[in-house]
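Visitor: Mind looking over this structure? Questions follow.
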Protein chains: 2
Amino acid sequence: MSAPTTINIGLCGFGTVGQGVWKHLFANRTELEARLGVKLNLARAAVRDLKKARTVKIPASKITSDPLAIATDPAIHIVCELMGGTTLARKVTLAALRAGKIVVSANKALICEHGAEIFATAQKHGGHFFFEASVAGGIPIIKAVREGLVANRFPRIYGILNGTCNYILTQMEENDAPYATVLAEAKRLGYAEADESLDVDGWDTAHKASVLAWLAHGVWVKTDQMIVEGISRITPADFKNASVLGFGIKLLAVITRDFAKNELSVRVHPTLLPAGNVVANVSGVFNAISVKGDVVGTTFYSGRGAGQDATASAVISDLADAAALLRFGKGAHLNSEVTTDACRGCRLAPPESIRSRYYLRLTVKDQPGVLARVASIMAKHHVSIASVIQNPAERAGAASLVLTTHESNEREMGATLKQLTALASTLDEPVLLRIGDFND
Amino acid sequence: MSAPTTINIGLCGFGTVGQGVWKHLFANRTELEARLGVKLNLARAAVRDLKKARTVKIPASKITSDPLAIATDPAIHIVCELMGGTTLARKVTLAALRAGKIVVSANKALICEHGAEIFATAQKHGGHFFFEASVAGGIPIIKAVREGLVANRFPRIYGILNGTCNYILTQMEENDAPYATVLAEAKRLGYAEADESLDVDGWDTAHKASVLAWLAHGVWVKTDQMIVEGISRITPADFKNASVLGFGIKLLAVITRDFAKNELSVRVHPTLLPAGNVVANVSGVFNAISVKGDVVGTTFYSGRGAGQDATASAVISDLADAAALLRFGKGAHLNSEVTTDACRGCRLAPPESIRSRYYLRLTVKDQPGVLARVASIMAKHHVSIASVIQNPAERAGAASLVLTTHESNEREMGATLKQLTALASTLDEPVLLRIGDFND
């Protein structure tokens, strides 16, 4: 392909994000074209329902219901895959890459599941795959990690990557409100989907963690290789207990690499963070990421992690990079065709290598000997107790027992939890949260 | 030049930053070369004193005392200008650009003073000028604003861009310590230069503000076109007063653009920020930047703004971009040769357009009628008083009068201040601080 002076863009998917891209590209197009030195032509858009009324209007001649027709249209240079899902989206993405096109994607689930195949296809056929919008919405975290911090290896990356969960947790904490009430309100306000599981059970965060881990460490980690725990069992009491102990609670993706052992760990779980930690203070629908590099030290990023405008901002930045690549030739310096060698034979950390302090809340029968039994199970697994808070539980004849531990590991805590759950004196399934002793 | 497989890098300046670049490039070179697909060769370094002992050792054959010899050496592809200063640094930079080389610079003073000439020279001779390390050290803010947020126009960018000042202000606030004491301690610890003026009087921050303003708005604003005020007149009492009023105090660069009036304002001054503001909570030597885009909303960045390692991280990211450009051809999409059209005829905001609330501390004779005179001068200039705190001043017979105003502007406040200073009852030069009502 010789360098085009007009770049034809096809949008597959014209929902919230697709309409946002169209709207903002039109609004700021003059400046963008001046900066890039090319014309940007929104050539075609594929929609699911041709008859649906939309806020952003486009000429009927540009609309199709067949995204594959856009992916294979020889006139289209860049395909934006904004449909979501992993079946048709995969077909469209691979078809466009096979045709040597550039694909711009916001689809973290697709990348997490099929990233290896996508990048191999791009490499084989001279296509390119850009994905700034897939993690942390409008925060340019992909570019920061891949290009801005290219001098670094990354011992630790962690952050809030799901705005829905952060909104729910913030509301629970601020209003002392139970999970179910806040979730219902979040659905009413459109902050949570009708089927909330993808968000609140941690899967969306896990998809994004997978993308970041690949970027930083060159390994595809699937969600079934991670610890993935959601927020649905957290109660207002947990926020109160955490506060007494000097912590807030956030759903975090945590990616750690032990370079000495060459072990990588990727996990998603609610985490107690020191109250003064900057990530602990990011509330509402915002995302936040702390990136520790071995050269730069810790850098921190926050902003809107989702929504029409923030996501459109990220998609358009990819369109600009893609346009430069088309205009100037192979430009983006760490494209799919450049093999990252960041893994260097690293392996996933086994459970005994994943170490932290823990917060454990048990609802137990309020009778003599219970604490002794709990403590002896913990001792058997070499889990050392750091603090105990006992309160009457809401239900009659029950007590709430909140323990924090000194540093232990996932293997010992897993075994401990199993035995504690099996105790006759344990009334509900215990709640286990990790303590993230992250000061930056 | 055909694409080289080994890229020869020359360092002009081998002080703290130069040695950091050399050290980290060696340490992480294998991975970096794998990612970039080229060899990186640290070919030459120019030092001021050939005999000086240095922590980082390099072969004598690679050392010269003549940076211009490196700038004009045909074998060198990339020149890192890490000498500082604006005379020899300018010569070296222009010579390298005239030879069509890529210059990587951390020199904000040079860019602020000679940016227009540098970019014109690069464009004329096919050279390139990269400057990620010039603003906010290891935080990839240049890349974020220029590439990651390319979809946006920027109504407001503000932040802490000088770690020395932030260290001093943090120490003053936390230890209730006077400026002179903290400054002396900062010098002892190496956080402040022997001649502190560049930092504490705001000039370093102003140079960086100039770079950011050009990046976001396409206009070169010189420091003599800005309000530039430093931190030396702030006292522990100001922190206490600010705290009572619900604010912290930070030295900020503030860049605002009114798109309706098409006016741009670039200024540097100590600012009262709401205590809950995320920038207000960045302490010590860290830098922090809040970037509001018209599409993305507000994004926030923080990290180490100076020091050997953080600055080296930024320089190396530019080296990587430069290497990609050499390998793949014209790659970086918003290089010097692409004219930014972001100004669109904007003009610098006149004083009456620069509006904020103000904090005013007067040391006055403790006698009847003083407050009335002060209030009447303010009223004459249509400056409306929002709050008054009166305390006994340290000196006998004097009172400290702290006033905050409702929104006014620089013209009215300037005139007010002049008249208040001239009052016989005013004992010291008044302290005027701006209130930044920034919630994000």
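Labels used: A, B, ... for chains in the order of the structure tokens, numbers from 1 for residues in each chain, and numbers from 1 for ligands as shown.
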Write down, as a PyMOL selection string, each residue of chain A that has any atom within 6 Å of an atom of chain B, counting only C-alpha atoms.

Guide: chain A and resi 35+138+140+148+150-151+295-296+298-303+309-310+313+316-317+324+328+330-331+333+340

Visitor: Which neighbours of Arg54 in chain A fall inside 9 Å, counting only C-alpha atoms, when residues of the same chain fewer than 3 positions from it are skipped, and could you give them as a PyMOL selection string?

Guide: chain A and resi 14-15+19+57

Visitor: Just asking: which residues within range 27-122 of chain A are strand (DSSP E) according to DSSP, as a list in words?

Guide: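 Strand (DSSP E) assignments inside range 27-122 of chain A correspond to Lys39, Leu40, Asn41, Leu42, Ala43, Arg44, Ala45, Ala46, Ile63, Thr64, Ile78, Val79, Cys80, Glu81, Ile102, Val103, Val104 and Ser105 of chain A.
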
Visitor: Mind writing the picked residues with C-alpha atoms as a PDB file, in the first residue's frame?

Guide:
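Result file follows (selection_21.pdb):
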ATOM      1  CA  LYS A  39      -7.474  13.401   5.836  1.00  0.00           C
ATOM      2  CA  LEU A  40      -9.524  11.141   8.082  1.00  0.00           C
ATOM      3  CA  ASN A  41     -12.614   9.777   6.384  1.00  0.00           C
ATOM      4  CA  LEU A  42     -15.254   7.963   8.403  1.00  0.00           C
ATOM      5  CA  ALA A  43     -16.129   5.749   5.482  1.00  0.00           C
ATOM      6  CA  ARG A  44     -18.455   3.054   6.808  1.00  0.00           C
ATOM      7  CA  ALA A  45     -20.125   1.821   9.957  1.00  0.00           C
ATOM      8  CA  ALA A  46     -21.581  -1.595  10.735  1.00  0.00           C
ATOM      9  CA  ILE A  63     -24.271   1.943   7.077  1.00  0.00           C
ATOM     10  CA  THR A  64     -24.176  -1.820   6.752  1.00  0.00           C
ATOM     11  CA  ILE A  78      -8.385   1.026   9.527  1.00  0.00           C
ATOM     12  CA  VAL A  79     -11.073  -1.124  11.127  1.00  0.00           C
ATOM     13  CA  CYS A  80     -12.310  -0.105  14.588  1.00  0.00           C
ATOM     14  CA  GLU A  81     -13.722  -3.159  16.307  1.00  0.00           C
ATOM     15  CA  ILE A 102      -4.873  -1.945  11.014  1.00  0.00           C
ATOM     16  CA  VAL A 103      -7.390  -2.933  13.669  1.00  0.00           C
ATOM     17  CA  VAL A 104      -8.147  -0.589  16.546  1.00  0.00           C
ATOM     18  CA  SER A 105      -9.877  -2.380  19.396  1.00  0.00           C
TER      19      SER A 105
END

Visitor: Taking the backbone alone, and naming residues the way the document does, which bits of range 6-68 of chain A are alpha helix (DSSP H) by DSSP, as a ChimeraX atom specification?

Guide: /A:16-27,29-36,67-68

Visitor: With N, CA and C atoms retained, write the just-selected residues as an mmCIF file, in the first residue's frame.

Guide:
data_model
loop_
_atom_site.group_PDB
_atom_site.id
_atom_site.type_symbol
_atom_site.label_atom_id
_atom_site.label_comp_id
_atom_site.auth_asym_id
_atom_site.auth_seq_id
_atom_site.Cartn_x
_atom_site.Cartn_y
_atom_site.Cartn_z
ATOM 1 N N THR A 16 -22.489 2.876 22.047
ATOM 2 C CA THR A 16 -22.027 4.033 22.813
ATOM 3 C C THR A 16 -20.642 4.493 22.351
ATOM 4 N N VAL A 17 -19.692 3.561 22.327
ATOM 5 C CA VAL A 17 -18.317 3.939 21.999
ATOM 6 C C VAL A 17 -18.191 4.335 20.527
ATOM 7 N N GLY A 18 -18.790 3.541 19.642
ATOM 8 C CA GLY A 18 -18.721 3.846 18.215
ATOM 9 C C GLY A 18 -19.261 5.234 17.904
ATOM 10 N N GLN A 19 -20.398 5.557 18.488
ATOM 11 C CA GLN A 19 -20.969 6.893 18.265
ATOM 12 C C GLN A 19 -20.077 7.980 18.859
ATOM 13 N N GLY A 20 -19.429 7.670 19.981
ATOM 14 C CA GLY A 20 -18.504 8.633 20.595
ATOM 15 C C GLY A 20 -17.320 8.917 19.690
ATOM 16 N N VAL A 21 -16.779 7.865 19.094
ATOM 17 C CA VAL A 21 -15.642 8.033 18.189
ATOM 18 C C VAL A 21 -16.060 8.900 17.000
ATOM 19 N N TRP A 22 -17.184 8.567 16.430
ATOM 20 C CA TRP A 22 -17.682 9.321 15.272
ATOM 21 C C TRP A 22 -17.859 10.798 15.617
ATOM 22 N N LYS A 23 -18.529 11.033 16.737
ATOM 23 C CA LYS A 23 -18.843 12.403 17.179
ATOM 24 C C LYS A 23 -17.569 13.229 17.395
ATOM 25 N N HIS A 24 -16.623 12.682 18.176
ATOM 26 C CA HIS A 24 -15.434 13.462 18.519
ATOM 27 C C HIS A 24 -14.463 13.589 17.351
ATOM 28 N N LEU A 25 -14.443 12.580 16.512
ATOM 29 C CA LEU A 25 -13.563 12.666 15.337
ATOM 30 C C LEU A 25 -14.058 13.782 14.414
ATOM 31 N N PHE A 26 -15.370 13.900 14.292
ATOM 32 C CA PHE A 26 -15.923 14.997 13.501
ATOM 33 C C PHE A 26 -15.624 16.348 14.145
ATOM 34 N N ALA A 27 -15.837 16.424 15.453
ATOM 35 C CA ALA A 27 -15.723 17.716 16.144
ATOM 36 C C ALA A 27 -14.297 18.260 16.099
ATOM 37 N N ARG A 29 -11.793 17.212 14.055
ATOM 38 C CA ARG A 29 -11.097 16.651 12.917
ATOM 39 C C ARG A 29 -10.108 17.615 12.268
ATOM 40 N N THR A 30 -10.479 18.880 12.194
ATOM 41 C CA THR A 30 -9.606 19.851 11.514
ATOM 42 C C THR A 30 -8.223 19.880 12.162
ATOM 43 N N GLU A 31 -8.193 20.001 13.493
ATOM 44 C CA GLU A 31 -6.904 20.058 14.181
ATOM 45 C C GLU A 31 -6.142 18.749 14.070
ATOM 46 N N LEU A 32 -6.893 17.663 14.196
ATOM 47 C CA LEU A 32 -6.269 16.350 14.128
ATOM 48 C C LEU A 32 -5.642 16.135 12.747
ATOM 49 N N GLU A 33 -6.371 16.498 11.713
ATOM 50 C CA GLU A 33 -5.842 16.332 10.351
ATOM 51 C C GLU A 33 -4.627 17.220 10.126
ATOM 52 N N ALA A 34 -4.641 18.434 10.691
ATOM 53 C CA ALA A 34 -3.493 19.330 10.555
ATOM 54 C C ALA A 34 -2.269 18.719 11.234
ATOM 55 N N ARG A 35 -2.489 18.130 12.406
ATOM 56 C CA ARG A 35 -1.366 17.550 13.127
ATOM 57 C C ARG A 35 -0.839 16.300 12.438
ATOM 58 N N LEU A 36 -1.746 15.530 11.822
ATOM 59 C CA LEU A 36 -1.333 14.256 11.234
ATOM 60 C C LEU A 36 -0.921 14.384 9.772
ATOM 61 N N PRO A 67 -20.412 -6.459 9.523
ATOM 62 C CA PRO A 67 -19.076 -5.968 9.875
ATOM 63 C C PRO A 67 -17.965 -6.642 9.076
ATOM 64 N N LEU A 68 -18.193 -7.876 8.638
ATOM 65 C CA LEU A 68 -17.165 -8.560 7.849
ATOM 66 C C LEU A 68 -16.959 -7.895 6.490
#

Visitor: Any idea what's packed within 9 Å of range 84-96 of chain B, counting only C-alpha atoms, ignoring anything in its chain fewer than 3 positions away? Could you give it as a ChimeraX atom specification?

Guide: /B:12-13,67-73,78-81,99-111,113-114,117-118,121-122,127,129

Visitor: Nearest to Asn175 in chain A: which of A:Ala260, A:Cys112, A:Ala237, A:Ile385 is it, counting only C-alpha atoms?

Guide: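 Closest candidate: A:Ala237.
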
Visitor: Which of these residues is nearest to Gly345 in chain B, using only C-alpha atoms: B:Val219, B:Leu432, B:Val211, B:Ile377?

Guide: B:Val219

Visitor: Grab the CA of Leu272 in chain B to CA of Tyr359 in chain B distance for me, in Å with one decimal place.

Guide: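 CA of Tyr359 in chain B lies at a distance of 8.0 Å from CA of Leu272 in chain B.
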
Visitor: Identify, on the basis of only C-alpha atoms, every residue whose closest approach to Thr223 in chain B does not exceed 8 Å; exclude the query and any residue fewer than 3 positions from it along the same chain; express the result as a list of chain:residue names.

Guide: B:Cys112, B:Trp203, B:Ala206, B:His207, B:Ser210, B:Met226, B:Ile227, B:Val228

Visitor: Determine, counting only C-alpha atoms, which protein, DNA and RNA residues have an atom within 9 Å of an atom of Thr205 in chain A; residues of the same chain fewer than 4 positions away are not included. Present the result as a count of residues only.

Guide: 14

Visitor: Using only C-alpha atoms, which residues sit within 7 Å of range 239-243 of chain A once same-chain residues fewer than 4 positions away are excluded, as JSON, numbers by chain?

Guide: {"A": [173, 247, 248, 249, 272]}

Visitor: Could you save those same residues with C-alpha atoms as a CSV table (one decimal), in the first residue's frame?

Guide:
chain,number,residue,atom,x,y,z
A,173,GLU,CA,-18.1,3.0,52.1
A,247,PHE,CA,-7.2,0.8,55.3
A,248,GLY,CA,-9.6,1.3,52.5
A,249,ILE,CA,-10.9,-1.5,50.3
A,272,LEU,CA,-7.1,-3.5,51.8

Visitor: Which one of A:Leu82, A:Arg257, A:Glu185, A:Lys222 sits closest to Ile157 in chain A if you count only C-alpha atoms?

Guide: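 Among A:Leu82, A:Arg257, A:Glu185, A:Lys222, it is A:Arg257 that comes nearest to Ile157 in chain A.
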
Visitor: When you count only C-alpha atoms, which of these residues is closest to Ala375 in chain B: B:Thr170, B:Ser387, B:Ser356, B:Asn8?

Guide: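 Among B:Thr170, B:Ser387, B:Ser356, B:Asn8, it is B:Ser387 that comes nearest to Ala375 in chain B.
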
Visitor: Please list as JSON, numbers by chain every residue within 12 Å of Arg361 in chain A, counting only C-alpha atoms and excluding residues in the same chain fewer than 6 positions away.

Guide: {"A": [233, 234, 235, 237, 238, 239, 241, 242, 374, 387, 388, 389, 390, 391, 393, 399, 400, 401, 402, 403, 404, 405, 417, 420, 421, 426, 427, 428, 429, 430, 431, 432, 433, 434]}

Visitor: Could you dump the residues just selected with C-alpha atoms as a PDB file, in the first residue's frame?

Guide:
ATOM      1  CA  ARG A 233     -19.365 -10.602  49.534  1.00  0.00           C
ATOM      2  CA  ILE A 234     -17.969  -7.365  50.971  1.00  0.00           C
ATOM      3  CA  THR A 235     -20.189  -5.721  53.579  1.00  0.00           C
ATOM      4  CA  ALA A 237     -18.801  -3.866  58.234  1.00  0.00           C
ATOM      5  CA  ASP A 238     -15.701  -4.744  56.239  1.00  0.00           C
ATOM      6  CA  PHE A 239     -15.213  -1.059  55.413  1.00  0.00           C
ATOM      7  CA  ASN A 241     -13.117  -2.868  60.173  1.00  0.00           C
ATOM      8  CA  ALA A 242     -10.677  -1.839  57.459  1.00  0.00           C
ATOM      9  CA  VAL A 374      -9.763 -20.801  64.878  1.00  0.00           C
ATOM     10  CA  SER A 387      -4.820  -8.470  65.230  1.00  0.00           C
ATOM     11  CA  VAL A 388      -8.269  -9.597  66.361  1.00  0.00           C
ATOM     12  CA  ILE A 389     -11.508  -7.617  66.448  1.00  0.00           C
ATOM     13  CA  GLN A 390     -14.561  -9.384  67.844  1.00  0.00           C
ATOM     14  CA  ASN A 391     -18.014  -7.845  67.573  1.00  0.00           C
ATOM     15  CA  ALA A 393     -22.776 -10.287  64.596  1.00  0.00           C
ATOM     16  CA  ALA A 399     -20.169 -13.198  66.721  1.00  0.00           C
ATOM     17  CA  SER A 400     -18.152 -11.519  64.004  1.00  0.00           C
ATOM     18  CA  LEU A 401     -14.484 -12.338  64.269  1.00  0.00           C
ATOM     19  CA  VAL A 402     -12.095 -10.203  62.243  1.00  0.00           C
ATOM     20  CA  LEU A 403      -8.489 -11.341  62.156  1.00  0.00           C
ATOM     21  CA  THR A 404      -5.515  -9.916  60.330  1.00  0.00           C
ATOM     22  CA  THR A 405      -2.433 -12.011  59.779  1.00  0.00           C
ATOM     23  CA  LEU A 417      -9.738 -21.161  54.869  1.00  0.00           C
ATOM     24  CA  LEU A 420     -12.147 -22.794  58.977  1.00  0.00           C
ATOM     25  CA  THR A 421     -15.117 -23.124  56.604  1.00  0.00           C
ATOM     26  CA  THR A 426     -18.433 -21.298  61.499  1.00  0.00           C
ATOM     27  CA  LEU A 427     -21.870 -20.073  60.451  1.00  0.00           C
ATOM     28  CA  ASP A 428     -21.279 -18.405  57.072  1.00  0.00           C
ATOM     29  CA  GLU A 429     -18.654 -18.804  54.407  1.00  0.00           C
ATOM     30  CA  PRO A 430     -15.656 -16.787  55.669  1.00  0.00           C
ATOM     31  CA  VAL A 431     -14.609 -13.613  53.878  1.00  0.00           C
ATOM     32  CA  LEU A 432     -10.897 -13.482  53.043  1.00  0.00           C
ATOM     33  CA  LEU A 433      -9.362 -10.252  51.745  1.00  0.00           C
ATOM     34  CA  ARG A 434      -5.739  -9.554  50.884  1.00  0.00           C
TER      35      ARG A 434
END
